[in-house]
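Chemist: My file is query_28.txt. It has compact mmCIF, C-alpha atoms:
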```
# COMPACT_ATOMS: atom_id res chain seq x y z
CA MET A 29 -70.47 160.60 107.21
CA GLU A 30 -73.34 161.08 109.59
CA SER A 31 -73.55 164.21 111.74
CA LEU A 32 -73.81 163.51 115.43
CA GLU A 33 -75.39 165.73 118.06
CA GLY A 34 -72.27 165.99 120.19
CA ILE A 35 -69.36 164.24 121.83
CA ALA A 36 -71.70 162.05 123.91
CA ASP A 37 -72.88 160.55 120.61
CA ALA A 38 -69.23 159.94 119.65
CA ASP A 39 -68.86 158.16 123.02
CA ALA A 40 -71.79 155.92 122.05
CA VAL A 41 -70.23 155.10 118.66
CA LEU A 42 -67.00 154.01 120.38
CA GLY A 43 -68.72 152.35 123.31
CA ARG A 44 -66.42 154.31 125.63
CA PRO A 45 -65.43 157.97 126.18
CA PHE A 46 -64.11 159.61 123.02
CA PRO A 47 -60.51 160.70 123.71
CA LEU A 48 -60.05 164.45 123.88
CA PRO A 49 -56.83 166.48 123.96
CA ASP A 50 -55.56 167.41 127.38
CA VAL A 51 -53.69 170.52 126.17
CA PRO A 52 -55.03 173.97 125.26
CA LEU A 53 -56.22 174.34 121.67
CA PRO A 54 -56.46 177.53 119.60
CA LEU A 55 -59.70 179.51 119.70
CA THR A 56 -62.51 177.47 118.15
CA ARG A 57 -65.33 178.97 116.07
CA TRP A 58 -67.43 175.81 115.87
CA VAL A 59 -67.13 172.06 116.38
CA GLU A 60 -68.56 169.29 114.24
CA VAL A 61 -68.97 165.70 115.42
CA ARG A 62 -69.55 162.94 112.87
CA ARG A 63 -69.79 159.20 112.62
CA THR A 64 -67.15 158.10 110.11
CA GLY A 65 -67.10 154.43 109.13
CA PRO A 66 -66.56 152.35 112.28
CA GLY A 67 -65.56 155.38 114.35
CA ALA A 68 -66.27 159.01 115.01
CA GLU A 69 -64.50 162.28 114.28
CA VAL A 70 -64.50 165.54 116.20
CA GLU A 71 -63.48 168.52 114.09
CA TRP A 72 -62.51 171.84 115.62
CA ASN A 73 -62.91 174.65 113.07
CA LEU A 74 -60.57 177.28 114.40
CA ASP A 75 -60.70 181.05 114.27
CA ASP A 76 -58.51 181.51 111.19
CA THR A 77 -59.60 185.12 110.60
CA ARG A 78 -56.19 186.46 111.63
CA PRO A 79 -53.28 185.91 109.24
CA GLY A 80 -51.05 182.93 110.02
CA ARG A 81 -53.60 181.15 112.23
CA PRO A 82 -54.36 177.45 111.67
CA GLY A 83 -57.78 176.60 110.30
CA ARG A 84 -58.73 173.14 111.49
CA LEU A 85 -57.97 170.24 113.80
CA ALA A 86 -59.78 166.92 113.46
CA LEU A 87 -59.50 163.82 115.63
CA TYR A 88 -60.74 160.45 114.38
CA ALA A 89 -61.07 157.45 116.71
CA ALA A 90 -62.33 153.91 116.10
CA PRO A 91 -61.82 150.53 117.72
CA ALA A 92 -58.39 149.29 116.56
CA ASP A 93 -59.78 145.81 115.89
CA ARG A 94 -61.74 147.35 112.99
CA GLY A 95 -58.57 148.49 111.23
CA ALA A 96 -56.14 151.39 111.19
CA ALA A 97 -57.36 154.96 110.96
CA PRO A 98 -57.90 155.74 107.27
CA ASP A 99 -55.16 157.80 105.68
CA GLN A 100 -56.57 160.98 104.14
CA LEU A 101 -53.46 162.14 102.30
CA ALA A 102 -52.14 161.39 98.84
CA PRO A 103 -49.81 158.40 98.48
CA ASP A 104 -46.90 160.73 97.66
CA ALA A 105 -47.25 162.75 100.90
CA GLU A 106 -44.06 162.81 102.98
CA ARG A 107 -44.26 160.24 105.80
CA THR A 108 -42.01 159.64 108.79
CA ARG A 109 -42.24 157.62 112.00
CA THR A 110 -41.56 159.16 115.42
CA PRO A 111 -39.64 157.31 118.16
CA GLN A 112 -43.07 156.66 119.78
CA GLY A 113 -44.19 154.82 116.62
CA TRP A 114 -46.58 157.56 115.47
CA ILE A 115 -46.76 158.02 111.70
CA VAL A 116 -46.50 161.68 110.68
CA ALA A 117 -47.57 162.64 107.16
CA ARG A 118 -47.22 166.08 105.57
CA ASP A 119 -48.79 167.46 102.44
CA PRO A 120 -48.63 171.05 101.14
CA LEU A 121 -52.25 170.92 99.84
CA PRO A 122 -51.60 173.66 97.27
CA ALA A 123 -55.27 173.81 96.18
CA ALA A 124 -56.59 174.52 99.70
CA GLN A 125 -57.19 177.99 101.15
CA ASP A 126 -54.23 179.49 103.03
CA SER A 127 -55.55 178.71 106.53
CA LEU A 128 -55.97 175.01 105.62
CA ARG A 129 -52.49 174.38 104.25
CA PRO A 130 -50.22 172.65 104.74
CA VAL A 131 -51.65 169.60 106.47
CA LEU A 132 -50.06 167.41 109.12
CA GLN A 133 -51.62 164.03 109.82
CA VAL A 134 -50.56 161.77 112.69
CA THR A 135 -51.86 158.20 112.96
CA TRP A 136 -51.28 155.78 115.83
CA GLU A 137 -52.92 153.18 118.05
CA HIS A 138 -53.45 153.59 121.77
CA ASP A 139 -55.51 151.81 124.39
CA GLY A 140 -57.42 149.74 121.81
CA LEU A 141 -58.18 152.70 119.54
CA ALA A 142 -56.99 153.55 116.04
CA LEU A 143 -56.46 157.32 116.03
CA ARG A 144 -55.78 160.01 113.44
CA LEU A 145 -55.14 163.68 114.21
CA THR A 146 -55.27 166.01 111.22
CA ALA A 147 -54.00 169.57 111.64
CA GLN A 148 -54.61 171.95 108.75
CA GLY A 149 -52.88 175.28 108.42
CA PRO A 150 -49.65 176.73 109.75
CA TRP A 151 -49.23 174.33 112.68
CA GLU A 152 -45.82 173.66 114.18
CA LEU A 153 -45.05 169.95 114.31
CA ALA A 154 -44.10 170.21 117.99
CA ALA A 155 -47.56 171.63 118.84
CA VAL A 156 -49.31 168.82 116.96
CA LEU A 157 -47.16 166.20 118.66
CA ARG A 158 -47.98 167.74 122.08
CA ILE A 159 -51.67 167.22 121.30
CA VAL A 160 -50.99 163.62 120.21
CA GLY A 161 -48.95 163.06 123.38
CA SER A 162 -51.83 164.30 125.51
CA LEU A 163 -54.04 161.66 123.86
CA ALA A 164 -51.49 158.87 124.20
CA ARG A 165 -51.19 159.00 128.01
```
I need this file expressed as structure tokens, please.
Modeler:
Amino acid sequence: MESLEGIADADAVLGRPFPLPDVPLPLTRWVEVRRTGPGAEVEWNLDDTRPGRPGRLALYAAPADRGAAPDQLAPDAERTRTPQGWIVARDPLPAAQDSLRPVLQVTWEHDGLALRLTAQGPWELAAVLRIVGSLAR
């Protein structure tokens, strides 16, 4: 992975604006932007200093003609498909710190992009799917 200066660099990697959530996110401590394979990833490292707060949200996007978004979870992670066709994967990540477990990963394609949203920590599925829905408009 190559660190990028900011979201404008992620735009350049995609050759179009990087999709960003259109819903409020939890308080962010810092953001990292990286080139990852054929795409880019924006990672929001959240303020997890209070108990029960989620630790991270990461959005990967790449041109869909270069393949699906890479799956980051173990093959035995629980996977389901939503009515919208989004694939939701869950993994307890027992070795991770409390604020980074469990993990929810949603993968889908939209508007010519292969997308993956990874939410680490005590996220409610409905909140994660609201974020995905804001990206799939």
Chemist: For A:Arg57, please output as JSON, numbers by chain all residues within 9 Å (counting all atoms listed in the file; exclusion window: fewer than 3 positions along the same chain).
Modeler: {"A": [72, 73, 74, 75, 76]}
Chemist: Grab the atom CA of A:Asp50 to atom CA of A:Ser162 distance for me, in Å with one decimal place.
Modeler: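 Computing it gives 5.2 Å between the two atoms.
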Chemist: What's the 7 Å shell around A:Ala117, counting all atoms listed in the file, without same-chain residues fewer than 3 positions away, as a list in words?
Modeler: Ala105, Glu106, Arg107, Thr108, Leu132, Gln133 and Val134 of chain A
Chemist: Measuring between all atoms listed in the file, which one of A:Pro45, A:Gly80, A:Pro54, A:Pro66 shows the shortest distance to A:Asp139?
Modeler: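 For A:Asp139, the nearest of the given residues is A:Pro45.
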Chemist: For A:Ala89, work out the shell of residues within 10 Å, counting all atoms listed in the file and skipping chain neighbours fewer than 3 positions away, then give it as a PyMOL selection string.
Modeler: chain A and resi 38+41-42+46-47+63-64+66-70+92+96-97+135-138+140-145
Chemist: Point out the residue among A:Ala123, A:Leu48, A:Leu53, A:Asp37 with the least atom-to-atom distance to A:Pro82, counting only C-alpha atoms.
Modeler: A:Leu53
Chemist: Which of these, A:Pro120, A:Pro103, A:Glu71, A:Glu33, has the shortest distance to A:Leu85 once you count all atoms listed in the file?
Modeler: A:Glu71
Chemist: I need the residue nearest A:Thr110 from this list: A:Leu157, A:Ala90, A:Ile35, A:Val59. Use only C-alpha atoms for the distance.
Modeler: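 Checking each of A:Leu157, A:Ala90, A:Ile35, A:Val59 against A:Thr110, counting only C-alpha atoms, the winner is A:Leu157.
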Chemist: With N, CA, C and O atoms retained, output stretch 52-63 of chain A as a PDB file, in the first residue's frame.
Modeler:
```
ATOM      1  N   PRO A  52     -23.750  11.127   8.544  1.00  0.00           N
ATOM      2  CA  PRO A  52     -22.783  11.484   9.589  1.00  0.00           C
ATOM      3  C   PRO A  52     -22.013  10.254  10.071  1.00  0.00           C
ATOM      4  O   PRO A  52     -22.576   9.168  10.203  1.00  0.00           O
ATOM      5  N   LEU A  53     -20.726  10.437  10.311  1.00  0.00           N
ATOM      6  CA  LEU A  53     -19.869   9.391  10.853  1.00  0.00           C
ATOM      7  C   LEU A  53     -19.487   9.753  12.286  1.00  0.00           C
ATOM      8  O   LEU A  53     -19.524  10.920  12.663  1.00  0.00           O
ATOM      9  N   PRO A  54     -19.074   8.756  13.077  1.00  0.00           N
ATOM     10  CA  PRO A  54     -18.597   9.077  14.430  1.00  0.00           C
ATOM     11  C   PRO A  54     -17.378   9.992  14.381  1.00  0.00           C
ATOM     12  O   PRO A  54     -16.729  10.131  13.343  1.00  0.00           O
ATOM     13  N   LEU A  55     -17.052  10.586  15.505  1.00  0.00           N
ATOM     14  CA  LEU A  55     -15.919  11.495  15.616  1.00  0.00           C
ATOM     15  C   LEU A  55     -14.631  10.809  15.158  1.00  0.00           C
ATOM     16  O   LEU A  55     -14.300   9.712  15.597  1.00  0.00           O
ATOM     17  N   THR A  56     -13.920  11.462  14.264  1.00  0.00           N
ATOM     18  CA  THR A  56     -12.696  10.911  13.685  1.00  0.00           C
ATOM     19  C   THR A  56     -11.474  11.559  14.318  1.00  0.00           C
ATOM     20  O   THR A  56     -11.415  12.771  14.478  1.00  0.00           O
ATOM     21  N   ARG A  57     -10.481  10.729  14.656  1.00  0.00           N
ATOM     22  CA  ARG A  57      -9.221  11.235  15.199  1.00  0.00           C
ATOM     23  C   ARG A  57      -8.235  11.555  14.080  1.00  0.00           C
ATOM     24  O   ARG A  57      -7.534  12.544  14.129  1.00  0.00           O
ATOM     25  N   TRP A  58      -8.153  10.678  13.091  1.00  0.00           N
ATOM     26  CA  TRP A  58      -7.308  10.947  11.934  1.00  0.00           C
ATOM     27  C   TRP A  58      -7.777  10.093  10.777  1.00  0.00           C
ATOM     28  O   TRP A  58      -8.480   9.104  10.949  1.00  0.00           O
ATOM     29  N   VAL A  59      -7.397  10.495   9.566  1.00  0.00           N
ATOM     30  CA  VAL A  59      -7.794   9.801   8.344  1.00  0.00           C
ATOM     31  C   VAL A  59      -6.529   9.441   7.581  1.00  0.00           C
ATOM     32  O   VAL A  59      -5.586  10.227   7.507  1.00  0.00           O
ATOM     33  N   GLU A  60      -6.520   8.240   7.046  1.00  0.00           N
ATOM     34  CA  GLU A  60      -5.427   7.802   6.180  1.00  0.00           C
ATOM     35  C   GLU A  60      -6.002   7.502   4.807  1.00  0.00           C
ATOM     36  O   GLU A  60      -7.101   6.949   4.702  1.00  0.00           O
ATOM     37  N   VAL A  61      -5.273   7.875   3.766  1.00  0.00           N
ATOM     38  CA  VAL A  61      -5.673   7.600   2.392  1.00  0.00           C
ATOM     39  C   VAL A  61      -4.521   6.859   1.743  1.00  0.00           C
ATOM     40  O   VAL A  61      -3.366   7.292   1.824  1.00  0.00           O
ATOM     41  N   ARG A  62      -4.852   5.701   1.123  1.00  0.00           N
ATOM     42  CA  ARG A  62      -3.805   4.854   0.540  1.00  0.00           C
ATOM     43  C   ARG A  62      -4.216   4.347  -0.833  1.00  0.00           C
ATOM     44  O   ARG A  62      -5.396   4.118  -1.084  1.00  0.00           O
ATOM     45  N   ARG A  63      -3.230   4.137  -1.661  1.00  0.00           N
ATOM     46  CA  ARG A  63      -3.430   3.385  -2.901  1.00  0.00           C
ATOM     47  C   ARG A  63      -3.328   1.917  -2.511  1.00  0.00           C
ATOM     48  O   ARG A  63      -2.398   1.511  -1.815  1.00  0.00           O
TER      49      ARG A  63
END
```
